[in-house]
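Visitor: Supplied structure: final-v2.pdb, PDB, C-alpha atoms and all ligand atoms.
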ATOM      1  CA  MET A   1     -18.053   3.556 -17.280  1.00  0.00           C
ATOM      2  CA  THR A   2     -20.129   6.003 -19.277  1.00  0.00           C
ATOM      3  CA  GLU A   3     -20.109   6.327 -23.057  1.00  0.00           C
ATOM      4  CA  GLU A   4     -18.190   9.594 -22.731  1.00  0.00           C
ATOM      5  CA  ARG A   5     -14.511   9.782 -21.921  1.00  0.00           C
ATOM      6  CA  CYS A   6     -14.001   9.874 -18.158  1.00  0.00           C
ATOM      7  CA  ILE A   7     -10.625  11.146 -17.008  1.00  0.00           C
ATOM      8  CA  PHE A   8     -10.895   9.498 -13.581  1.00  0.00           C
ATOM      9  CA  CYS A   9     -11.818   6.109 -15.093  1.00  0.00           C
ATOM     10  CA  GLU A  10      -8.676   6.486 -17.219  1.00  0.00           C
ATOM     11  CA  ILE A  11      -6.573   7.176 -14.124  1.00  0.00           C
ATOM     12  CA  ILE A  12      -8.140   4.138 -12.390  1.00  0.00           C
ATOM     13  CA  ALA A  13      -7.295   2.003 -15.447  1.00  0.00           C
ATOM     14  CA  GLY A  14      -3.715   3.295 -15.395  1.00  0.00           C
ATOM     15  CA  ALA A  15      -4.166   4.743 -18.875  1.00  0.00           C
ATOM     16  CA  ILE A  16      -3.070   8.195 -17.759  1.00  0.00           C
ATOM     17  CA  PRO A  17      -0.652   8.991 -14.933  1.00  0.00           C
ATOM     18  CA  ALA A  18      -1.516  10.373 -11.512  1.00  0.00           C
ATOM     19  CA  ALA A  19       0.349  10.905  -8.246  1.00  0.00           C
ATOM     20  CA  VAL A  20      -1.427   8.066  -6.434  1.00  0.00           C
ATOM     21  CA  VAL A  21      -1.191   8.114  -2.638  1.00  0.00           C
ATOM     22  CA  TYR A  22      -3.596   5.266  -1.804  1.00  0.00           C
ATOM     23  CA  GLU A  23      -5.416   2.448  -3.537  1.00  0.00           C
ATOM     24  CA  ASP A  24      -7.581  -0.471  -2.442  1.00  0.00           C
ATOM     25  CA  GLU A  25     -10.165  -2.674  -4.166  1.00  0.00           C
ATOM     26  CA  GLU A  26     -12.848  -0.016  -4.125  1.00  0.00           C
ATOM     27  CA  SER A  27     -11.101   3.339  -4.164  1.00  0.00           C
ATOM     28  CA  ILE A  28      -8.078   5.270  -5.315  1.00  0.00           C
ATOM     29  CA  ALA A  29      -6.660   8.584  -4.082  1.00  0.00           C
ATOM     30  CA  PHE A  30      -4.309  10.880  -5.957  1.00  0.00           C
ATOM     31  CA  LEU A  31      -3.120  14.469  -5.839  1.00  0.00           C
ATOM     32  CA  ASP A  32      -5.346  17.059  -7.484  1.00  0.00           C
ATOM     33  CA  ILE A  33      -3.500  18.489 -10.491  1.00  0.00           C
ATOM     34  CA  THR A  34      -4.477  22.087  -9.516  1.00  0.00           C
ATOM     35  CA  PRO A  35      -4.397  22.037  -5.714  1.00  0.00           C
ATOM     36  CA  ILE A  36      -6.145  24.591  -3.542  1.00  0.00           C
ATOM     37  CA  ASN A  37      -3.279  23.968  -1.123  1.00  0.00           C
ATOM     38  CA  GLN A  38      -0.343  21.634  -1.741  1.00  0.00           C
ATOM     39  CA  GLY A  39      -1.236  18.079  -0.777  1.00  0.00           C
ATOM     40  CA  HIS A  40      -4.883  18.457  -1.927  1.00  0.00           C
ATOM     41  CA  VAL A  41      -6.060  14.883  -2.597  1.00  0.00           C
ATOM     42  CA  LEU A  42      -9.021  13.496  -4.537  1.00  0.00           C
ATOM     43  CA  VAL A  43     -10.575  10.272  -3.252  1.00  0.00           C
ATOM     44  CA  VAL A  44     -12.333   8.444  -6.058  1.00  0.00           C
ATOM     45  CA  PRO A  45     -14.431   5.246  -6.089  1.00  0.00           C
ATOM     46  CA  LYS A  46     -13.309   2.770  -8.750  1.00  0.00           C
ATOM     47  CA  HIS A  47     -16.911   2.021  -9.736  1.00  0.00           C
ATOM     48  CA  HIS A  48     -18.026   4.850 -12.029  1.00  0.00           C
ATOM     49  CA  SER A  49     -20.925   7.043 -10.967  1.00  0.00           C
ATOM     50  CA  ARG A  50     -21.602  10.683 -11.799  1.00  0.00           C
ATOM     51  CA  ASN A  51     -21.929  12.074  -8.270  1.00  0.00           C
ATOM     52  CA  ILE A  52     -23.833  11.762  -4.962  1.00  0.00           C
ATOM     53  CA  PHE A  53     -27.150  11.447  -6.792  1.00  0.00           C
ATOM     54  CA  ASP A  54     -26.486   8.182  -8.620  1.00  0.00           C
ATOM     55  CA  ALA A  55     -23.697   6.599  -6.529  1.00  0.00           C
ATOM     56  CA  ARG A  56     -24.648   3.321  -4.847  1.00  0.00           C
ATOM     57  CA  HIS A  57     -24.558   2.910  -1.052  1.00  0.00           C
ATOM     58  CA  GLU A  58     -22.058   0.109  -1.703  1.00  0.00           C
ATOM     59  CA  THR A  59     -19.797   2.705  -3.317  1.00  0.00           C
ATOM     60  CA  LEU A  60     -20.182   5.504  -0.774  1.00  0.00           C
ATOM     61  CA  ALA A  61     -19.695   3.543   2.444  1.00  0.00           C
ATOM     62  CA  PRO A  62     -16.192   2.252   1.613  1.00  0.00           C
ATOM     63  CA  LEU A  63     -15.368   5.629   0.032  1.00  0.00           C
ATOM     64  CA  MET A  64     -15.929   7.365   3.368  1.00  0.00           C
ATOM     65  CA  ARG A  65     -13.654   4.854   5.094  1.00  0.00           C
ATOM     66  CA  SER A  66     -10.913   5.807   2.628  1.00  0.00           C
ATOM     67  CA  VAL A  67     -11.638   9.516   3.078  1.00  0.00           C
ATOM     68  CA  GLN A  68     -11.072   9.259   6.827  1.00  0.00           C
ATOM     69  CA  LYS A  69      -7.887   7.238   6.394  1.00  0.00           C
ATOM     70  CA  ILE A  70      -6.472   9.686   3.841  1.00  0.00           C
ATOM     71  CA  ALA A  71      -7.515  12.742   5.875  1.00  0.00           C
ATOM     72  CA  HIS A  72      -5.260  11.481   8.670  1.00  0.00           C
ATOM     73  CA  ALA A  73      -2.414  10.905   6.207  1.00  0.00           C
ATOM     74  CA  VAL A  74      -2.829  14.309   4.521  1.00  0.00           C
ATOM     75  CA  ARG A  75      -2.754  16.049   7.891  1.00  0.00           C
ATOM     76  CA  ALA A  76       0.328  14.121   9.016  1.00  0.00           C
ATOM     77  CA  GLY A  77       2.072  14.319   5.645  1.00  0.00           C
ATOM     78  CA  THR A  78       1.564  18.042   5.056  1.00  0.00           C
ATOM     79  CA  GLY A  79       1.551  19.334   8.631  1.00  0.00           C
ATOM     80  CA  ALA A  80      -1.921  20.778   8.005  1.00  0.00           C
ATOM     81  CA  GLU A  81      -3.643  22.441  10.941  1.00  0.00           C
ATOM     82  CA  GLY A  82      -7.061  21.481   9.578  1.00  0.00           C
ATOM     83  CA  ILE A  83      -8.718  19.656   6.689  1.00  0.00           C
ATOM     84  CA  ASN A  84     -11.705  20.485   4.495  1.00  0.00           C
ATOM     85  CA  ILE A  85     -13.672  17.562   3.053  1.00  0.00           C
ATOM     86  CA  HIS A  86     -15.537  18.797   0.025  1.00  0.00           C
ATOM     87  CA  MET A  87     -17.714  17.390  -2.752  1.00  0.00           C
ATOM     88  CA  ASN A  88     -19.155  19.158  -5.790  1.00  0.00           C
ATOM     89  CA  ASN A  89     -22.316  17.677  -7.285  1.00  0.00           C
ATOM     90  CA  GLU A  90     -23.469  18.952 -10.709  1.00  0.00           C
ATOM     91  CA  SER A  91     -22.099  21.937 -12.577  1.00  0.00           C
ATOM     92  CA  ALA A  92     -24.160  24.487 -10.611  1.00  0.00           C
ATOM     93  CA  ALA A  93     -22.183  23.345  -7.566  1.00  0.00           C
ATOM     94  CA  GLY A  94     -18.838  23.520  -9.370  1.00  0.00           C
ATOM     95  CA  GLN A  95     -18.495  19.902 -10.498  1.00  0.00           C
ATOM     96  CA  ALA A  96     -16.167  19.736 -13.502  1.00  0.00           C
ATOM     97  CA  VAL A  97     -15.261  16.031 -13.568  1.00  0.00           C
ATOM     98  CA  PHE A  98     -18.374  13.876 -13.658  1.00  0.00           C
ATOM     99  CA  HIS A  99     -17.040  10.883 -11.766  1.00  0.00           C
ATOM    100  CA  THR A 100     -17.874  10.873  -8.035  1.00  0.00           C
ATOM    101  CA  HIS A 101     -14.997  12.221  -5.946  1.00  0.00           C
ATOM    102  CA  ILE A 102     -14.243  13.831  -2.623  1.00  0.00           C
ATOM    103  CA  HIS A 103     -11.702  16.592  -2.111  1.00  0.00           C
ATOM    104  CA  ILE A 104      -9.408  16.462   0.921  1.00  0.00           C
ATOM    105  CA  ILE A 105      -7.876  19.908   1.323  1.00  0.00           C
ATOM    106  CA  PRO A 106      -5.122  20.654   3.839  1.00  0.00           C
ATOM    107  CA  ARG A 107      -5.722  23.945   5.640  1.00  0.00           C
ATOM    108  CA  PHE A 108      -3.588  26.300   7.665  1.00  0.00           C
ATOM    109  CA  HIS A 109      -4.504  29.306   9.768  1.00  0.00           C
ATOM    110  CA  GLU A 110      -4.421  32.382   7.532  1.00  0.00           C
ATOM    111  CA  ASP A 111      -3.739  30.417   4.349  1.00  0.00           C
ATOM    112  CA  GLY A 112      -5.790  32.983   2.416  1.00  0.00           C
ATOM    113  CA  ILE A 113      -8.548  30.592   1.350  1.00  0.00           C
ATOM    114  CA  VAL A 114     -11.891  32.340   1.740  1.00  0.00           C
ATOM    115  CA  MET A 115     -14.880  30.160   2.536  1.00  0.00           C
ATOM    116  CA  TRP A 116     -18.371  31.104   1.337  1.00  0.00           C
ATOM    117  CA  LYS A 117     -20.505  33.318   3.572  1.00  0.00           C
ATOM    118  CA  GLY A 118     -23.863  32.427   5.102  1.00  0.00           C
ATOM    119  CA  HIS A 119     -26.957  34.630   4.862  1.00  0.00           C
ATOM    120  CA  PRO A 120     -29.648  34.660   7.555  1.00  0.00           C
ATOM    121  CA  TYR A 121     -33.249  33.565   6.799  1.00  0.00           C
ATOM    122  CA  SER A 122     -36.039  36.104   6.848  1.00  0.00           C
ATOM    123  CA  ASP A 123     -39.177  35.460   8.954  1.00  0.00           C
ATOM    124  CA  GLY A 124     -40.834  32.104   8.290  1.00  0.00           C
ATOM    125  CA  GLU A 125     -38.421  31.002   5.573  1.00  0.00           C
ATOM    126  CA  MET A 126     -36.454  28.582   7.700  1.00  0.00           C
ATOM    127  CA  GLN A 127     -39.487  26.508   8.699  1.00  0.00           C
ATOM    128  CA  LYS A 128     -40.761  26.601   5.096  1.00  0.00           C
ATOM    129  CA  LEU A 129     -37.495  25.178   3.772  1.00  0.00           C
ATOM    130  CA  ALA A 130     -37.345  22.553   6.512  1.00  0.00           C
ATOM    131  CA  THR A 131     -40.854  21.405   5.548  1.00  0.00           C
ATOM    132  CA  GLN A 132     -40.032  21.327   1.817  1.00  0.00           C
ATOM    133  CA  ILE A 133     -36.947  19.188   2.427  1.00  0.00           C
ATOM    134  CA  LYS A 134     -38.634  16.874   4.924  1.00  0.00           C
ATOM    135  CA  THR A 135     -41.495  16.327   2.472  1.00  0.00           C
ATOM    136  CA  ALA A 136     -39.045  15.529  -0.319  1.00  0.00           C
ATOM    137  CA  LEU A 137     -37.250  12.754   1.631  1.00  0.00           C
ATOM    138  CA  LEU A 138     -37.467   9.457  -0.232  1.00  0.00           C
TER     139      LEU A 138
HETATM  140  P1  LIG X 201     -14.647  19.112  -9.320  1.00  0.00           P
HETATM  141  O1  LIG X 201     -14.773  20.580  -9.581  1.00  0.00           O
HETATM  142  O2  LIG X 201     -15.265  18.282 -10.407  1.00  0.00           O
HETATM  143  O3  LIG X 201     -15.104  18.737  -7.942  1.00  0.00           O
HETATM  144  O4  LIG X 201     -13.093  18.850  -9.269  1.00  0.00           O
HETATM  145  C1  LIG X 201     -12.364  18.193 -10.227  1.00  0.00           C
HETATM  146  C2  LIG X 201     -10.929  18.289  -9.810  1.00  0.00           C
HETATM  147  O5  LIG X 201     -10.189  17.387 -10.597  1.00  0.00           O
HETATM  148  C3  LIG X 201     -10.316  19.664 -10.005  1.00  0.00           C
HETATM  149  O6  LIG X 201      -9.880  20.176  -8.748  1.00  0.00           O
HETATM  150  C4  LIG X 201      -9.166  19.439 -10.971  1.00  0.00           C
HETATM  151  O7  LIG X 201      -8.027  20.153 -10.647  1.00  0.00           O
HETATM  152  C5  LIG X 201      -8.935  17.945 -10.860  1.00  0.00           C
HETATM  153  N1  LIG X 201      -8.472  17.334 -12.099  1.00  0.00           N
HETATM  154  C6  LIG X 201      -9.013  17.508 -13.343  1.00  0.00           C
HETATM  155  N2  LIG X 201      -8.349  16.757 -14.245  1.00  0.00           N
HETATM  156  C7  LIG X 201      -7.379  16.100 -13.558  1.00  0.00           C
HETATM  157  C8  LIG X 201      -6.371  15.177 -13.965  1.00  0.00           C
HETATM  158  O8  LIG X 201      -6.229  14.821 -15.131  1.00  0.00           O
HETATM  159  N3  LIG X 201      -5.560  14.713 -12.984  1.00  0.00           N
HETATM  160  C9  LIG X 201      -5.692  15.098 -11.678  1.00  0.00           C
HETATM  161  N4  LIG X 201      -4.824  14.562 -10.795  1.00  0.00           N
HETATM  162  N5  LIG X 201      -6.623  15.965 -11.264  1.00  0.00           N
HETATM  163  C10 LIG X 201      -7.465  16.450 -12.195  1.00  0.00           C
HETATM  164 ZN    ZN X 202     -15.461   7.498 -14.498  1.00  0.00          ZN
END
Once more with this new file: its structure as structure tokens, please.
Ligand code: 5GP
Ligand code: ZN

Guide:
Amino acid sequence: MTEERCIFCEIIAGAIPAAVVYEDEESIAFLDITPINQGHVLVVPKHHSRNIFDARHETLAPLMRSVQKIAHAVRAGTGAEGINIHMNNESAAGQAVFHTHIHIIPRFHEDGIVMWKGHPYSDGEMQKLATQIKTALL
């Protein structure tokens, strides 16, 4: 738990209500309060971390097990034709709640949700970026 108020830690503690669909020792999943599509679920580790950059391996491995389990349940429970698994890390990437979480979003053909568009590399850029990232690996 951080010094600041964390809304997801409060949900985990039961201090504020949520429409919980799954809970185990390490994770909890509840409906997003402003769903992209109905049945949009957030899967949240009980151990507080900010996002992918400070979460422990011991937090992320069981989290992904829960994500897969809940993805099956969201698909079956909503009749979704597909599922997006999404994670925002830091405000530049759209993170608004700074407690690690994964979005499970039910999708339907022609549901009107527009995904972001890719842009091709210009000459030489792709290899340059690959080298920069490879060099930065810890
Ligand atoms: P982020 O942009 O940080 O990845 O997403 C945070 C998500 O948490 C948003 O989609 C938002 O709707 C959801 N959210 C924020 N506050 C609450 C809350 O109090 N309860 C629930 N169930 N969802 C919340
Ligand atoms: Zn928290």

Visitor: Please extract the residues at most 12 Å from ligand LIG 201 (chain X), counting only C-alpha atoms and all ligand atoms, and provide them as a PyMOL selection string, using the chain letters and residue numbers of this document.

Guide: chain A and resi 5-12+14-21+28-44+50-52+85-105

Visitor: Please indicate the distance in Å from atom CA of Leu138 of chain A to atom CA of Arg65 of chain A, rounded to one decimal place.

Guide: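 If I compute the distance from atom CA of Leu138 of chain A to atom CA of Arg65 of chain A, I get 24.8 Å.
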
Visitor: What is the atom CA of Ile113 of chain A-atom CA of Val74 of chain A distance in Å, reported with one decimal?

Guide: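 About the pair atom CA of Ile113 of chain A and atom CA of Val74 of chain A: they are 17.5 Å apart.
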
Visitor: Please measure the separation of atom CA of Arg56 of chain A and atom CA of Tyr22 of chain A, giving the value in Å to one decimal.

Guide: 21.4 Å

Visitor: Looking at all atoms listed in the file, which of A:Val114, A:Pro106, A:Ile70, A:His48 is the one that sits closest to Glu4 of chain A?

Guide: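 Of A:Val114, A:Pro106, A:Ile70, A:His48, the one nearest Glu4 of chain A, counting all atoms listed in the file, is A:His48.
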
Visitor: Considering only C-alpha atoms, return as a PyMOL selection string whatever protein or nucleic-acid residues lie within 9 Å of Arg107 of chain A, sequence-local ones (same chain, fewer than 6 positions apart) excluded.

Guide: chain A and resi 37+75+80-84+113

Visitor: Please produce an output containing C-alpha atoms for each residue in the selection, written as a short mmCIF file (atom, residue, chain, number, x, y, z; two decimals), in the coordinates of the input.

Guide:
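Resulting contents of out-v3.cif:
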data_model
loop_
_atom_site.label_atom_id
_atom_site.label_comp_id
_atom_site.auth_asym_id
_atom_site.auth_seq_id
_atom_site.Cartn_x
_atom_site.Cartn_y
_atom_site.Cartn_z
CA ASN A 37 -3.28 23.97 -1.12
CA ARG A 75 -2.75 16.05 7.89
CA ALA A 80 -1.92 20.78 8.01
CA GLU A 81 -3.64 22.44 10.94
CA GLY A 82 -7.06 21.48 9.58
CA ILE A 83 -8.72 19.66 6.69
CA ASN A 84 -11.70 20.48 4.50
CA ILE A 113 -8.55 30.59 1.35
#

Visitor: Counting all atoms listed in the file, which residue out of A:Met126, A:Thr131, A:Ala136, A:Glu23 sits closest to Lys69 of chain A?

Guide: A:Glu23

Visitor: Just checking: using only C-alpha atoms, which residue out of A:Ala55, A:Ser27, A:Ala130, A:Ser49 ends up closest to Val67 of chain A?

Guide: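 Selected residue with least distance to Val67 of chain A: A:Ser27.
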
Visitor: Could you check which of A:Pro120, A:Pro45, A:Gly112, A:Gly79 is closest to ligand ZN 202 (chain X), using only C-alpha atoms and all ligand atoms?

Guide: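 Of A:Pro120, A:Pro45, A:Gly112, A:Gly79, the one nearest ligand ZN 202 (chain X), counting only C-alpha atoms and all ligand atoms, is A:Pro45.
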